[in-house]
file protein_7.txt (compact mmCIF, C-alpha atoms and all ligand atoms)
# COMPACT_ATOMS: atom_id res chain seq x y z
CA MET A 13 0.00 0.00 0.00
CA ALA A 14 1.25 3.51 -0.82
CA SER A 15 2.47 5.61 2.08
CA ALA A 16 0.76 8.88 3.03
CA GLU A 17 3.97 10.15 4.64
CA LYS A 18 5.93 9.61 1.43
CA TYR A 19 3.31 11.48 -0.57
CA ILE A 20 3.29 14.38 1.93
CA GLN A 21 7.08 14.59 1.99
CA SER A 22 7.34 14.53 -1.80
CA LYS A 23 4.81 17.35 -2.17
CA LEU A 24 6.65 19.47 0.42
CA ASP A 25 9.99 18.74 -1.28
CA GLU A 26 8.46 19.84 -4.57
CA ARG A 27 7.41 23.16 -2.98
CA GLU A 28 10.86 23.63 -1.47
CA ALA A 29 12.50 23.02 -4.86
CA LEU A 30 10.19 25.56 -6.52
CA GLY A 31 11.07 28.15 -3.87
CA SER A 32 7.42 28.39 -2.84
CA TYR A 33 7.44 26.59 0.53
CA ARG A 34 5.02 28.24 2.92
CA SER A 35 5.59 28.55 6.65
CA LEU A 36 3.94 30.39 9.52
CA ARG A 37 5.85 33.24 11.09
CA PRO A 38 5.56 34.88 14.48
CA GLN A 39 3.99 38.32 14.79
CA SER A 40 6.21 40.98 13.26
CA GLU A 41 7.49 44.19 14.86
CA LEU A 42 8.25 45.69 11.45
CA ILE A 43 6.41 48.60 9.85
CA ASP A 44 3.14 47.17 8.60
CA PHE A 45 2.95 47.10 4.82
CA CYS A 46 1.25 43.74 4.54
CA SER A 47 -1.85 43.52 6.70
CA ASN A 48 -5.42 44.12 5.52
CA ASP A 49 -6.04 46.55 8.39
CA TYR A 50 -6.38 49.42 5.92
CA LEU A 51 -8.02 51.90 8.29
CA GLY A 52 -6.31 50.75 11.48
CA PHE A 53 -9.52 49.38 13.02
CA ALA A 54 -7.89 46.15 14.22
CA ARG A 55 -5.46 48.19 16.35
CA SER A 56 -7.84 51.00 17.29
CA PRO A 57 -8.12 51.60 21.07
CA VAL A 58 -11.31 53.56 20.37
CA LEU A 59 -12.86 50.53 18.71
CA LYS A 60 -11.60 48.25 21.47
CA ALA A 61 -13.25 50.45 24.12
CA ALA A 62 -16.50 50.60 22.12
CA ILE A 63 -16.58 46.80 21.79
CA GLN A 64 -15.95 46.38 25.53
CA GLN A 65 -18.72 48.88 26.27
CA GLU A 66 -21.11 47.02 23.98
CA ILE A 67 -20.28 43.73 25.72
CA ASP A 68 -20.78 45.39 29.13
CA ASN A 69 -24.12 46.76 27.93
CA HIS A 70 -25.30 43.19 27.30
CA PRO A 71 -24.54 41.36 30.55
CA LEU A 72 -26.85 38.49 29.62
CA SER A 73 -25.09 37.77 26.36
CA LEU A 74 -23.49 34.32 26.11
CA ASN A 75 -19.78 33.59 25.68
CA GLY A 76 -20.49 31.28 22.79
CA SER A 77 -23.44 31.15 20.41
CA THR A 78 -24.21 27.54 21.51
CA GLY A 79 -25.16 26.23 18.08
CA SER A 80 -25.89 26.87 14.44
CA ARG A 81 -28.23 29.71 13.49
CA LEU A 82 -31.02 27.23 12.71
CA ILE A 83 -30.78 25.46 16.08
CA SER A 84 -29.77 27.57 19.12
CA GLY A 85 -27.31 30.13 17.74
CA ASN A 86 -29.73 32.80 16.45
CA PHE A 87 -30.44 35.92 18.51
CA ASN A 88 -32.34 39.18 18.03
CA TYR A 89 -28.95 40.87 18.09
CA THR A 90 -27.77 38.77 15.13
CA GLU A 91 -30.80 39.55 13.01
CA GLU A 92 -30.76 43.23 13.95
CA LEU A 93 -27.09 43.43 12.97
CA GLU A 94 -27.81 41.80 9.62
CA LYS A 95 -30.53 44.38 8.96
CA GLN A 96 -28.29 47.28 9.99
CA ILE A 97 -25.43 46.13 7.76
CA ALA A 98 -27.81 45.57 4.84
CA ILE A 99 -29.17 49.12 5.24
CA PHE A 100 -25.64 50.52 5.46
CA HIS A 101 -24.83 48.91 2.11
CA GLN A 102 -28.23 49.85 0.60
CA SER A 103 -29.25 46.22 0.32
CA GLU A 104 -32.69 44.70 0.86
CA ALA A 105 -31.24 41.96 3.07
CA GLY A 106 -28.08 40.25 4.22
CA LEU A 107 -26.99 36.96 5.75
CA LEU A 108 -23.96 36.66 8.03
CA PHE A 109 -21.33 33.98 7.50
CA ASN A 110 -18.41 33.12 9.78
CA SER A 111 -15.81 34.32 7.28
CA GLY A 112 -15.50 35.61 3.74
CA TYR A 113 -14.26 32.18 2.73
CA ASP A 114 -17.42 30.62 4.17
CA ALA A 115 -19.63 33.24 2.53
CA ASN A 116 -18.24 32.56 -0.93
CA VAL A 117 -18.21 28.80 -0.52
CA GLY A 118 -21.72 28.96 0.96
CA LEU A 119 -23.07 31.12 -1.86
CA PHE A 120 -21.43 29.51 -4.87
CA SER A 121 -21.80 25.91 -3.77
CA SER A 122 -25.52 26.25 -3.14
CA LEU A 123 -26.95 28.67 -5.69
CA PRO A 124 -25.78 27.57 -9.17
CA GLN A 125 -27.12 24.12 -10.07
CA LYS A 126 -26.20 21.44 -12.57
CA GLY A 127 -26.87 22.92 -16.00
CA ASP A 128 -26.27 26.50 -14.78
CA THR A 129 -23.12 28.51 -15.51
CA ILE A 130 -20.62 30.40 -13.38
CA ILE A 131 -18.30 32.76 -15.28
CA HIS A 132 -15.58 34.39 -13.20
CA ASP A 133 -12.53 36.53 -13.76
CA GLU A 134 -9.32 34.49 -13.98
CA LEU A 135 -7.96 36.28 -10.89
CA ILE A 136 -11.00 35.60 -8.73
CA HIS A 137 -10.39 34.67 -5.08
CA ALA A 138 -9.81 31.02 -4.18
CA SER A 139 -12.94 30.92 -2.00
CA ILE A 140 -15.12 31.59 -5.06
CA ILE A 141 -13.32 28.92 -7.08
CA ASP A 142 -13.77 26.45 -4.23
CA GLY A 143 -17.47 27.28 -3.92
CA ALA A 144 -17.97 27.02 -7.68
CA ARG A 145 -16.20 23.64 -7.74
CA LEU A 146 -18.57 22.34 -5.09
CA SER A 147 -21.56 23.33 -7.19
CA HIS A 148 -22.36 21.12 -10.16
CA ALA A 149 -22.58 24.11 -12.49
CA ASN A 150 -20.46 24.68 -15.61
CA ARG A 151 -17.53 26.94 -14.77
CA TYR A 152 -15.72 29.29 -17.14
CA THR A 153 -13.02 31.87 -16.50
CA PHE A 154 -12.56 35.03 -18.53
CA ARG A 155 -9.35 37.00 -19.05
CA HIS A 156 -8.69 39.48 -16.30
CA ASN A 157 -11.05 42.48 -16.76
CA SER A 158 -11.61 41.63 -20.44
CA ARG A 159 -15.11 42.34 -21.74
CA GLU A 160 -14.38 40.54 -25.02
CA SER A 161 -13.32 37.41 -23.17
CA LEU A 162 -16.35 37.65 -20.86
CA GLU A 163 -18.68 38.04 -23.84
CA ALA A 164 -17.19 34.97 -25.52
CA LYS A 165 -18.01 32.97 -22.39
CA LEU A 166 -21.47 34.53 -22.01
CA ARG A 167 -22.28 33.28 -25.51
CA GLN A 168 -21.56 29.72 -24.37
CA ALA A 169 -23.50 29.97 -21.09
CA LYS A 170 -26.39 27.65 -20.36
CA GLY A 171 -29.07 27.66 -17.69
CA ILE A 172 -28.99 30.44 -15.10
CA CYS A 173 -25.73 32.32 -15.49
CA TYR A 174 -23.74 34.09 -12.75
CA VAL A 175 -20.85 36.41 -13.60
CA VAL A 176 -18.45 36.93 -10.70
CA ILE A 177 -15.92 39.71 -10.18
CA GLU A 178 -14.15 41.49 -7.31
CA SER A 179 -14.49 45.25 -7.06
CA VAL A 180 -10.84 45.43 -5.90
CA TYR A 181 -8.79 42.36 -6.80
CA SER A 182 -6.99 40.93 -3.80
CA MET A 183 -3.70 40.08 -5.49
CA ASP A 184 -3.45 42.93 -8.06
CA GLY A 185 -5.36 45.68 -6.25
CA ASP A 186 -7.00 46.86 -9.46
CA THR A 187 -10.66 47.52 -10.20
CA PRO A 188 -12.59 46.10 -13.14
CA PRO A 189 -14.85 48.19 -15.39
CA ILE A 190 -17.85 47.27 -13.23
CA ALA A 191 -20.51 49.26 -15.11
CA GLU A 192 -19.44 47.84 -18.49
CA ILE A 193 -19.29 44.30 -17.15
CA LEU A 194 -22.73 44.80 -15.64
CA ASN A 195 -24.14 46.07 -18.98
CA LEU A 196 -22.77 43.01 -20.75
CA THR A 197 -24.05 40.69 -18.04
CA GLU A 198 -27.53 42.18 -18.34
CA GLN A 199 -27.42 42.04 -22.13
CA TYR A 200 -27.09 38.25 -21.86
CA GLY A 201 -29.66 37.94 -19.07
CA ALA A 202 -26.98 36.86 -16.57
CA HIS A 203 -26.60 37.89 -12.91
CA LEU A 204 -23.63 39.81 -11.54
CA ILE A 205 -22.11 38.95 -8.15
CA VAL A 206 -19.40 41.20 -6.74
CA ASP A 207 -16.94 40.37 -3.96
CA GLU A 208 -16.21 43.67 -2.19
CA ALA A 209 -13.71 42.33 0.36
CA HIS A 210 -10.97 44.86 -0.42
CA ALA A 211 -13.21 47.75 -1.51
CA VAL A 212 -15.28 48.36 1.62
CA GLY A 213 -13.54 50.94 3.76
CA LEU A 214 -11.56 52.48 0.93
CA TYR A 215 -15.01 53.24 -0.49
CA PRO A 216 -17.01 53.21 2.78
CA THR A 217 -20.08 51.32 1.57
CA GLY A 218 -18.26 49.53 -1.24
CA LEU A 219 -17.68 50.36 -4.87
CA VAL A 220 -20.97 49.01 -6.20
CA ALA A 221 -22.89 51.42 -3.96
CA GLN A 222 -20.48 54.24 -4.73
CA LEU A 223 -21.15 53.74 -8.46
CA GLY A 224 -24.91 53.66 -7.86
CA LEU A 225 -25.25 50.11 -9.21
CA VAL A 226 -26.75 48.36 -6.19
CA GLU A 227 -30.18 47.75 -7.74
CA ARG A 228 -28.66 46.00 -10.74
CA VAL A 229 -26.17 43.75 -8.95
CA PHE A 230 -27.59 40.37 -7.93
CA ALA A 231 -25.47 39.88 -4.81
CA ARG A 232 -22.41 41.28 -3.03
CA VAL A 233 -20.04 39.71 -0.55
CA VAL A 234 -18.59 41.98 2.13
CA THR A 235 -15.97 40.70 4.57
CA PHE A 236 -15.24 42.14 8.01
CA GLY A 237 -11.64 40.97 8.38
CA LYS A 238 -10.07 43.67 6.24
CA ALA A 239 -10.85 47.40 6.57
CA LEU A 240 -13.39 46.66 9.31
CA GLY A 241 -10.63 45.14 11.43
CA SER A 242 -12.82 42.30 12.65
CA HIS A 243 -13.83 38.88 11.32
CA GLY A 244 -16.77 37.36 9.45
CA ALA A 245 -18.73 38.33 6.35
CA ILE A 246 -22.15 39.02 4.92
CA VAL A 247 -23.84 38.10 1.66
CA LEU A 248 -25.98 41.06 0.55
CA GLY A 249 -28.94 40.61 -1.79
CA SER A 250 -32.69 40.20 -1.84
CA ASN A 251 -34.84 38.73 0.92
CA LEU A 252 -35.51 35.85 -1.40
CA LEU A 253 -31.79 35.11 -1.74
CA ARG A 254 -31.40 35.31 2.05
CA GLN A 255 -34.20 32.77 2.56
CA TYR A 256 -32.65 30.52 -0.07
CA LEU A 257 -29.23 30.56 1.61
CA ILE A 258 -30.78 29.84 5.02
CA ASN A 259 -32.38 26.78 3.45
CA PHE A 260 -29.65 25.50 1.14
CA SER A 261 -26.23 26.94 1.99
CA ARG A 262 -24.36 24.21 3.82
CA ALA A 263 -21.58 26.59 4.95
CA PHE A 264 -24.32 28.56 6.73
CA ILE A 265 -26.41 25.65 8.01
CA TYR A 266 -23.79 23.24 9.34
CA THR A 267 -21.62 25.44 11.50
CA THR A 268 -21.75 27.09 14.91
CA ALA A 269 -22.85 30.71 14.67
CA ALA A 270 -20.46 33.53 15.61
CA PRO A 271 -20.39 34.39 19.33
CA PHE A 272 -21.78 37.63 20.74
CA HIS A 273 -18.39 39.33 21.11
CA GLN A 274 -17.71 38.88 17.41
CA LEU A 275 -21.07 40.35 16.46
CA ALA A 276 -20.48 43.24 18.87
CA SER A 277 -17.07 43.85 17.24
CA VAL A 278 -18.63 44.00 13.79
CA LYS A 279 -21.44 46.28 14.95
CA MET A 280 -19.02 48.69 16.60
CA ALA A 281 -16.69 48.59 13.57
CA TYR A 282 -19.56 49.71 11.34
CA GLN A 283 -20.35 52.54 13.76
CA LEU A 284 -16.70 53.60 13.63
CA LEU A 285 -16.67 53.40 9.83
CA GLU A 286 -19.48 55.96 9.70
CA LYS A 287 -17.21 58.37 11.60
CA SER A 288 -13.98 57.58 9.78
CA THR A 289 -13.89 60.16 7.00
CA ALA A 290 -10.49 61.43 8.20
CA ALA A 291 -8.93 57.93 8.22
CA ILE A 292 -10.36 57.18 4.77
CA ASP A 293 -8.94 60.46 3.44
CA LEU A 294 -5.56 59.60 4.97
CA LEU A 295 -5.61 56.20 3.31
CA HIS A 296 -6.28 57.78 -0.09
CA GLN A 297 -3.50 60.32 0.53
CA ASN A 298 -1.04 57.55 1.42
CA ILE A 299 -1.94 55.62 -1.72
CA ALA A 300 -1.35 58.75 -3.83
CA LEU A 301 1.94 59.47 -2.04
CA PHE A 302 3.20 55.93 -2.61
CA LYS A 303 2.31 55.98 -6.29
CA LYS A 304 3.87 59.38 -6.86
CA SER A 305 7.15 58.37 -5.23
CA ILE A 306 7.42 54.92 -6.75
CA GLU A 307 6.52 55.70 -10.32
CA ARG A 308 9.43 58.09 -10.82
CA ASN A 309 12.30 55.59 -10.64
CA ASN A 310 10.79 52.21 -10.90
CA ILE A 311 12.15 49.86 -13.56
CA TYR A 312 9.95 46.92 -12.67
CA PRO A 313 6.25 47.44 -13.43
CA LEU A 314 3.94 48.77 -10.75
CA LEU A 315 0.55 47.24 -11.40
CA LYS A 316 -2.20 49.73 -12.18
CA SER A 317 -4.15 50.19 -8.96
CA ASP A 318 -5.90 52.97 -7.06
CA SER A 319 -6.48 50.78 -4.05
CA ALA A 320 -4.54 50.12 -0.86
CA ILE A 321 -2.99 47.08 -2.57
CA GLN A 322 0.01 47.98 -4.72
CA CYS A 323 2.17 45.39 -6.47
CA ILE A 324 5.55 45.48 -8.07
CA ILE A 325 6.15 42.62 -10.45
CA LEU A 326 9.53 40.89 -10.33
CA ASP A 327 10.25 38.14 -12.75
CA ASN A 328 10.47 35.07 -10.56
CA ASN A 329 10.12 33.67 -7.05
CA GLU A 330 13.76 34.24 -6.19
CA LYS A 331 13.80 37.93 -7.14
CA ALA A 332 10.50 38.54 -5.37
CA LYS A 333 11.77 36.83 -2.21
CA GLN A 334 15.03 38.79 -2.30
CA ALA A 335 13.19 42.11 -2.71
CA ALA A 336 10.93 41.28 0.25
CA GLN A 337 13.96 40.32 2.37
CA THR A 338 15.72 43.60 1.54
CA LEU A 339 12.64 45.52 2.64
CA GLN A 340 12.31 43.42 5.79
CA ARG A 341 15.97 44.03 6.68
CA ALA A 342 15.27 47.75 6.30
CA GLY A 343 12.49 47.40 8.92
CA MET A 344 9.37 46.96 6.79
CA ASP A 345 6.99 44.05 6.66
CA VAL A 346 6.48 43.50 2.95
CA ARG A 347 5.70 40.05 1.63
CA ALA A 348 6.57 38.37 -1.61
CA ILE A 349 3.71 36.70 -3.45
CA LEU A 350 5.07 33.70 -5.25
CA SER A 351 3.91 31.35 -7.94
CA PRO A 352 1.77 29.23 -7.79
CA THR A 353 -0.32 31.76 -5.79
CA VAL A 354 0.17 34.09 -8.78
CA ALA A 355 1.05 33.06 -12.34
CA LYS A 356 4.66 32.32 -13.24
CA GLY A 357 6.33 35.54 -14.35
CA ALA A 358 3.90 37.59 -12.23
CA GLU A 359 5.70 36.97 -8.92
CA ARG A 360 5.70 40.17 -6.94
CA ILE A 361 6.05 42.12 -3.79
CA ARG A 362 2.60 43.11 -2.61
CA ILE A 363 2.35 46.25 -0.53
CA CYS A 364 -0.68 47.10 1.58
CA LEU A 365 -0.98 50.73 2.54
CA HIS A 366 -2.82 51.95 5.60
CA ALA A 367 -4.24 55.15 7.03
CA TYR A 368 -1.73 54.82 9.89
CA ASN A 369 1.42 54.62 7.73
CA THR A 370 3.33 57.88 8.10
CA ALA A 371 4.84 59.88 5.25
CA ASP A 372 8.32 58.96 6.58
CA GLU A 373 7.45 55.26 6.50
CA ILE A 374 6.20 55.55 2.94
CA ASP A 375 9.34 57.47 2.00
CA LEU A 376 11.52 54.69 3.48
CA LEU A 377 9.46 52.12 1.58
CA THR A 378 9.61 53.82 -1.79
CA SER A 379 13.28 54.80 -1.56
CA THR A 380 14.24 51.23 -0.58
CA ILE A 381 12.18 49.80 -3.45
CA ASN A 382 13.63 52.27 -5.92
CA ASN A 383 17.12 51.19 -4.86
CA ILE A 384 16.31 47.51 -5.22
CA THR A 385 14.83 47.87 -8.63
CA ASN A 386 17.66 50.04 -9.87
CA ALA A 387 20.33 47.61 -8.68
C1 LIG B 401 -11.55 38.83 -2.44
C2 LIG B 401 -11.63 38.03 -1.20
N1 LIG B 401 -12.77 37.37 -0.93
C3 LIG B 401 -12.90 36.63 0.18
C4 LIG B 401 -11.87 36.51 1.08
C5 LIG B 401 -12.02 35.64 2.28
O1 LIG B 401 -12.37 36.42 3.38
P1 LIG B 401 -12.02 35.95 4.86
O2 LIG B 401 -10.59 36.30 5.07
O3 LIG B 401 -12.98 36.72 5.71
O4 LIG B 401 -12.26 34.48 4.92
C6 LIG B 401 -10.68 37.20 0.87
C7 LIG B 401 -9.58 37.12 1.86
O5 LIG B 401 -8.47 36.81 1.59
C8 LIG B 401 -10.55 37.97 -0.31
O6 LIG B 401 -9.41 38.62 -0.57

call {"tool": "encode", "arguments": {"input": "protein_7.txt", "output": "structure tokens"}}
result
Amino acid sequence: MASAEKYIQSKLDEREALGSYRSLRPQSELIDFCSNDYLGFARSPVLKAAIQQEIDNHPLSLNGSTGSRLISGNFNYTEELEKQIAIFHQSEAGLLFNSGYDANVGLFSSLPQKGDTIIHDELIHASIIDGARLSHANRYTFRHNSRESLEAKLRQAKGICYVVIESVYSMDGDTPPIAEILNLTEQYGAHLIVDEAHAVGLYPTGLVAQLGLVERVFARVVTFGKALGSHGAIVLGSNLLRQYLINFSRAFIYTTAAPFHQLASVKMAYQLLEKSTAAIDLLHQNIALFKKSIERNNIYPLLKSDSAIQCIILDNNEKAKQAAQTLQRAGMDVRAILSPTVAKGAERIRICLHAYNTADEIDLLTSTINNITNA
């Protein structure tokens, strides 16, 4: 009989040889240019105090939710929060999931059926791919942000068709032509679903709402672990969709609901977001400052992005790792993104900017990068 250990070792050796071995690292003391805490909510003492106050205001709340939402884990607080978040994002309804990963798997594994079609951008997040794989629908990818490629796939679609994009792509940081993609989607009678994980916060209610397209988008996924500094996610859409997911989404049905303190964190994070114009402005300023300083000298391409995610493409895993190490030695936490996470030849350093990064920190970052790339 074949040995599991041998298989495991050979796969790990393969990774090592490709220079793409992953390992967990302890918390870093370096300047943060890699977390998703775009507005500083995860480290905000104001938010921490508000969460504590909210917990204190609910002395009868339980430590754990005690069960799934359909058994014992549903509370008035949960449903109220769902309604509040839906209103904030101008949606008819919303359903909470325990993470963005769960939300996407829960949505895409349950909604499209055998004979239906899912068409997603080639750079779509792994959680959407995993959800789509669990469905029995036909699955097509289209070239990143390409309307022509999308249209070619729309022509082949059968059954009910769902087109899936991100409003800010997690690995490239760029934004698709949402309105044009939506027009095309509608032209073919398909339904658009937008993952807004990296857009909410930068655009407070998300990019779909900012563009005034809410009524025409079938569903949105918003996660709380990025700019909201918390954890969890919500699928936004119609009441009908919410009822469907409660009935059919296994990632919603077969899991323990989030505990009270998590819900309180999310509620307080949304309240803080409503008062965070200054932090949002700062984030936009820092993005502009980074781009202005980096574009002058850079010999490796900076991907086109107006978001907090900025990427410099180096040609291979080794160069990307070396660039990240140089930045780390200079005191900054910047991570290399290696193939196979991104395509071969698109290996990169991925920089996340935050409202709390200072101009001096950004200057250190850009001058160090400019030196690396000029070497
Ligand atoms: C676009 C996108 N969708 C979904 C997720 C998953 O969200 P979560 O981290 O809450 O599981 C992520 C996180 O990496 C993401 O970048």

call {"tool": "closest_atom_pairs", "arguments": {"input": "protein_7.txt", "of": "chain A", "to": "ligand LIG 401 (chain B)", "cutoff": "8 Å", "atoms": "all atoms listed in the file", "output": "JSON lines"}}
result
{"residue": "A:Asn110", "atom": "CA", "partner": "B:LIG401", "partner_atom": "O3", "distance": 7.7}
{"residue": "A:Ser111", "atom": "CA", "partner": "B:LIG401", "partner_atom": "O3", "distance": 4.0}
{"residue": "A:Gly112", "atom": "CA", "partner": "B:LIG401", "partner_atom": "O1", "distance": 3.3}
{"residue": "A:Tyr113", "atom": "CA", "partner": "B:LIG401", "partner_atom": "O4", "distance": 3.8}
{"residue": "A:Asp114", "atom": "CA", "partner": "B:LIG401", "partner_atom": "O4", "distance": 6.5}
{"residue": "A:Ala115", "atom": "CA", "partner": "B:LIG401", "partner_atom": "O4", "distance": 7.8}
{"residue": "A:Asn116", "atom": "CA", "partner": "B:LIG401", "partner_atom": "C3", "distance": 6.8}
{"residue": "A:Ile136", "atom": "CA", "partner": "B:LIG401", "partner_atom": "C1", "distance": 7.1}
{"residue": "A:His137", "atom": "CA", "partner": "B:LIG401", "partner_atom": "C1", "distance": 5.1}
{"residue": "A:Ala138", "atom": "CA", "partner": "B:LIG401", "partner_atom": "N1", "distance": 7.7}
{"residue": "A:Ser139", "atom": "CA", "partner": "B:LIG401", "partner_atom": "C3", "distance": 6.1}
{"residue": "A:Ile140", "atom": "CA", "partner": "B:LIG401", "partner_atom": "N1", "distance": 7.5}
{"residue": "A:Glu178", "atom": "CA", "partner": "B:LIG401", "partner_atom": "C1", "distance": 6.1}
{"residue": "A:Val180", "atom": "CA", "partner": "B:LIG401", "partner_atom": "C1", "distance": 7.5}
{"residue": "A:Tyr181", "atom": "CA", "partner": "B:LIG401", "partner_atom": "C1", "distance": 6.3}
{"residue": "A:Ser182", "atom": "CA", "partner": "B:LIG401", "partner_atom": "O6", "distance": 4.7}
{"residue": "A:Met183", "atom": "CA", "partner": "B:LIG401", "partner_atom": "O6", "distance": 7.7}
{"residue": "A:Asp207", "atom": "CA", "partner": "B:LIG401", "partner_atom": "C1", "distance": 5.8}
{"residue": "A:Glu208", "atom": "CA", "partner": "B:LIG401", "partner_atom": "C1", "distance": 6.7}
{"residue": "A:Ala209", "atom": "CA", "partner": "B:LIG401", "partner_atom": "C1", "distance": 5.0}
{"residue": "A:His210", "atom": "CA", "partner": "B:LIG401", "partner_atom": "C1", "distance": 6.4}
{"residue": "A:Val233", "atom": "CA", "partner": "B:LIG401", "partner_atom": "N1", "distance": 7.6}
{"residue": "A:Thr235", "atom": "CA", "partner": "B:LIG401", "partner_atom": "O3", "distance": 5.1}
{"residue": "A:Phe236", "atom": "CA", "partner": "B:LIG401", "partner_atom": "O3", "distance": 6.3}
{"residue": "A:Gly237", "atom": "CA", "partner": "B:LIG401", "partner_atom": "O3", "distance": 5.2}
{"residue": "A:Lys238", "atom": "CA", "partner": "B:LIG401", "partner_atom": "O2", "distance": 7.5}
{"residue": "A:His243", "atom": "CA", "partner": "B:LIG401", "partner_atom": "O3", "distance": 6.1}
{"residue": "A:Gly244", "atom": "CA", "partner": "B:LIG401", "partner_atom": "O3", "distance": 5.4}
{"residue": "A:Ala245", "atom": "CA", "partner": "B:LIG401", "partner_atom": "O3", "distance": 6.0}

call {"tool": "closest_residue", "arguments": {"input": "protein_7.txt", "among": "A:Asp133, A:Glu163, A:Asp186, A:Glu92", "to": "Tyr200 of chain A", "atoms": "all atoms listed in the file"}}
result
A:Glu163

call {"tool": "atom_distance", "arguments": {"input": "protein_7.txt", "atom1": "atom CA of Ile97 of chain A", "atom2": "atom CA of Ala191 of chain A"}}
result
23.6 Å

call {"tool": "atom_distance", "arguments": {"input": "protein_7.txt", "atom1": "atom CA of Val354 of chain A", "atom2": "atom CA of Val220 of chain A"}}
result
26.0 Å

call {"tool": "atom_distance", "arguments": {"input": "protein_7.txt", "atom1": "atom CA of Asn75 of chain A", "atom2": "atom CA of Ser277 of chain A"}}
result
13.6 Å

call {"tool": "residues_around", "arguments": {"input": "protein_7.txt", "residues": "segment 100-108 of chain A", "least_positions_apart": "5", "cutoff": "10 Å", "atoms": "all atoms listed in the file", "output": "ChimeraX atom specification"}}
result
/A:81,90-91,93-95,114-115,212,216-218,220-222,224,226-227,231-235,244-255,257-258,264,269-270,275,282,286

call {"tool": "write_last_selection", "arguments": {"input": "protein_7.txt", "atoms": "C-alpha atoms", "output": "compact mmCIF listing (two decimals), keeping the file's coordinate frame"}}
result
# COMPACT_ATOMS: atom_id res chain seq x y z
CA ARG A 81 -28.23 29.71 13.49
CA THR A 90 -27.77 38.77 15.13
CA GLU A 91 -30.80 39.55 13.01
CA LEU A 93 -27.09 43.43 12.97
CA GLU A 94 -27.81 41.80 9.62
CA LYS A 95 -30.53 44.38 8.96
CA ASP A 114 -17.42 30.62 4.17
CA ALA A 115 -19.63 33.24 2.53
CA VAL A 212 -15.28 48.36 1.62
CA PRO A 216 -17.01 53.21 2.78
CA THR A 217 -20.08 51.32 1.57
CA GLY A 218 -18.26 49.53 -1.24
CA VAL A 220 -20.97 49.01 -6.20
CA ALA A 221 -22.89 51.42 -3.96
CA GLN A 222 -20.48 54.24 -4.73
CA GLY A 224 -24.91 53.66 -7.86
CA VAL A 226 -26.75 48.36 -6.19
CA GLU A 227 -30.18 47.75 -7.74
CA ALA A 231 -25.47 39.88 -4.81
CA ARG A 232 -22.41 41.28 -3.03
CA VAL A 233 -20.04 39.71 -0.55
CA VAL A 234 -18.59 41.98 2.13
CA THR A 235 -15.97 40.70 4.57
CA GLY A 244 -16.77 37.36 9.45
CA ALA A 245 -18.73 38.33 6.35
CA ILE A 246 -22.15 39.02 4.92
CA VAL A 247 -23.84 38.10 1.66
CA LEU A 248 -25.98 41.06 0.55
CA GLY A 249 -28.94 40.61 -1.79
CA SER A 250 -32.69 40.20 -1.84
CA ASN A 251 -34.84 38.73 0.92
CA LEU A 252 -35.51 35.85 -1.40
CA LEU A 253 -31.79 35.11 -1.74
CA ARG A 254 -31.40 35.31 2.05
CA GLN A 255 -34.20 32.77 2.56
CA LEU A 257 -29.23 30.56 1.61
CA ILE A 258 -30.78 29.84 5.02
CA PHE A 264 -24.32 28.56 6.73
CA ALA A 269 -22.85 30.71 14.67
CA ALA A 270 -20.46 33.53 15.61
CA LEU A 275 -21.07 40.35 16.46
CA TYR A 282 -19.56 49.71 11.34
CA GLU A 286 -19.48 55.96 9.70

call {"tool": "closest_residue", "arguments": {"input": "protein_7.txt", "among": "A:Val278, A:Ile299, A:Val206, A:Cys323", "to": "Ala367 of chain A", "atoms": "all atoms listed in the file"}}
result
A:Ile299

call {"tool": "closest_residue", "arguments": {"input": "protein_7.txt", "among": "A:His203, A:Phe45, A:Ile265, A:Gln96", "to": "Gln322 of chain A", "atoms": "only C-alpha atoms"}}
result
A:Phe45

call {"tool": "closest_residue", "arguments": {"input": "protein_7.txt", "among": "A:Leu135, A:Leu294, A:Cys46, A:Ile172", "to": "Arg155 of chain A", "atoms": "all atoms listed in the file"}}
result
A:Leu135

call {"tool": "closest_residue", "arguments": {"input": "protein_7.txt", "among": "A:Ser158, A:Leu214, A:Lys126, A:Ala98", "to": "Cys173 of chain A", "atoms": "only C-alpha atoms"}}
result
A:Lys126

call {"tool": "closest_residue", "arguments": {"input": "protein_7.txt", "among": "A:Ile374, A:Met344, A:Ile131, A:Ile67", "to": "Ala144 of chain A", "atoms": "all atoms listed in the file"}}
result
A:Ile131

call {"tool": "residues_around", "arguments": {"input": "protein_7.txt", "residues": "Leu204 of chain A", "least_positions_apart": "6", "cutoff": "7 Å", "atoms": "only C-alpha atoms", "output": "VMD selection string"}}
result
chain A and resid 174 to 176 194 197 229 to 231

call {"tool": "residues_around", "arguments": {"input": "protein_7.txt", "residues": "Leu146 of chain A", "least_positions_apart": "2", "cutoff": "9 Å", "atoms": "all atoms listed in the file", "output": "list of chain:residue names"}}
result
A:Val117, A:Phe120, A:Ser121, A:Ser122, A:Ile141, A:Asp142, A:Gly143, A:Ala144, A:His148, A:Ala149

call {"tool": "residues_near_point", "arguments": {"input": "protein_7.txt", "point": "(-10.3, 52.0, 7.4)", "cutoff": "10 Å", "atoms": "only C-alpha atoms", "output": "NGL selection string"}}
result
:A and (48-54 or 212-216 or 238-241 or 281 or 284-285 or 288-295 or 366-368)
